[in-house]
Amino acid sequence: MEIPRRRLRRRMKNRGLLIFSLILAIAVVIVSCNRKNVYVNYRHVPMSGWDKTDTLVFAVSPLGAGSYREEIGVRVDRSYPFVSLSLVIEQAILPSGYVHRDTLNYKIVDEKGKFRGKGVSYFQQAFHLNTINLHDGDSLSITIKHNMKREMVMGVSDIGFSIDRE
């Protein structure tokens with residue numbers, strides 16, 4: 001009779017551990033969710049080089065009326081040869097047809113020659129782009145291309161676009 005009780009205790013202990021693990025996993029997922037974030041998308045850029053004529057396109061479906069904060073995400077590796085990255089960003093709000101164009105210069109490397117942002121071999125940074133107001137039914141079309149003096153830029157791995165509800 002002693003052996004079945006040990007098995008029963010072991011099963012109960014394992015079941016309790018499983019239930020605790022599931023509750024912990026669910027709690028982590030709930031806590032890590034960012035309810036303000038409504039759109040995040042990254043486009044891969046060939047590590048062999050981002051040509052000046054290569055345009056990255058982001059299509060954002062209607063988000064609803066409200067104020068939104070836009071950010072540009074940049075991932076580079078240590079082969080990136082410049083201190084900053086210049087981007088041309090064009091946004092079209094549809095169906096109104098309103099178009100806004102920005103040329104922005106983002107600092108990638110600090111004064112001491114260290115890559116800014118988070119990472120070890122790839123470094124990721126997020127830069128504030130704009131705050132926009134959208135109406136019901138408005139969608140966005142965003143195009144991004146580099147505006148560097150060289151035709152081909154090496155070391156950029158991904159460019160992203162994100163939107164947070166204000």
# chains A, B, ... in the order shown; residues from 1 in each chain; ligands from 1
call {"tool": "select_by_dssp", "arguments": {"residues": "segment 69-151 of chain A", "states": "strand (DSSP E or B)", "output": "ChimeraX atom specification"}}
result
/A:69-77,84-94,98-107,109,115,118,122-134,139-146
call {"tool": "closest_residue", "arguments": {"among": "A:Ser48, A:Gln91, A:Thr55, A:Ser96", "to": "Gly137 of chain A", "atoms": "only C-alpha atoms"}}
result
A:Ser96
call {"tool": "residues_around", "arguments": {"residues": "Ile142 of chain A", "least_positions_apart": "3", "cutoff": "6 Å", "atoms": "only C-alpha atoms", "output": "list in words"}}
result
Val57, Phe58, Glu90 and Gln91 of chain A
call {"tool": "closest_residue", "arguments": {"among": "A:Met148, A:Leu140, A:Val38, A:Trp50", "to": "Val83 of chain A", "atoms": "only C-alpha atoms"}}
result
A:Met148
call {"tool": "residues_around", "arguments": {"residues": "Leu85 of chain A", "least_positions_apart": "3", "cutoff": "9 Å", "atoms": "only C-alpha atoms", "output": "tab-separated table (two decimals) with C-alpha atoms, in the first residue's frame"}}
result
chain	number	residue	atom	x	y	z
A	82	PHE	CA	28.45	55.57	-40.90
A	104	LEU	CA	15.17	62.39	-41.14
A	105	ASN	CA	18.71	61.83	-39.93
A	106	TYR	CA	19.10	59.24	-37.15
A	107	LYS	CA	22.25	58.95	-35.02
A	108	ILE	CA	23.43	55.32	-35.06
A	146	HIS	CA	17.62	55.70	-47.52
A	147	ASN	CA	19.00	59.09	-48.47
A	148	MET	CA	22.71	58.43	-48.02
call {"tool": "residues_around", "arguments": {"residues": "His128 of chain A", "least_positions_apart": "6", "cutoff": "9 Å", "atoms": "only C-alpha atoms", "output": "short mmCIF file (atom, residue, chain, number, x, y, z; two decimals) with N, CA, C and O atoms, in the first residue's frame"}}
result
data_model
loop_
_atom_site.label_atom_id
_atom_site.label_comp_id
_atom_site.auth_asym_id
_atom_site.auth_seq_id
_atom_site.Cartn_x
_atom_site.Cartn_y
_atom_site.Cartn_z
N ARG A 69 1.07 57.75 -32.09
CA ARG A 69 2.50 58.06 -32.10
C ARG A 69 3.19 57.05 -33.03
O ARG A 69 3.02 55.85 -32.88
N GLU A 70 3.96 57.57 -33.98
CA GLU A 70 4.66 56.72 -34.94
C GLU A 70 6.15 56.66 -34.62
O GLU A 70 6.74 57.67 -34.23
N GLU A 71 6.74 55.48 -34.81
CA GLU A 71 8.18 55.31 -34.60
C GLU A 71 8.78 54.54 -35.75
O GLU A 71 8.13 53.69 -36.36
N ILE A 72 10.04 54.83 -36.00
CA ILE A 72 10.84 54.09 -36.97
C ILE A 72 11.83 53.24 -36.18
O ILE A 72 12.49 53.75 -35.26
N GLY A 73 11.93 51.97 -36.51
CA GLY A 73 12.90 51.08 -35.88
C GLY A 73 14.02 50.78 -36.86
O GLY A 73 13.78 50.58 -38.05
#
call {"tool": "closest_residue", "arguments": {"among": "A:Ile163, A:Val45, A:Leu63, A:Val156", "to": "Leu94 of chain A", "atoms": "only C-alpha atoms"}}
result
A:Leu63
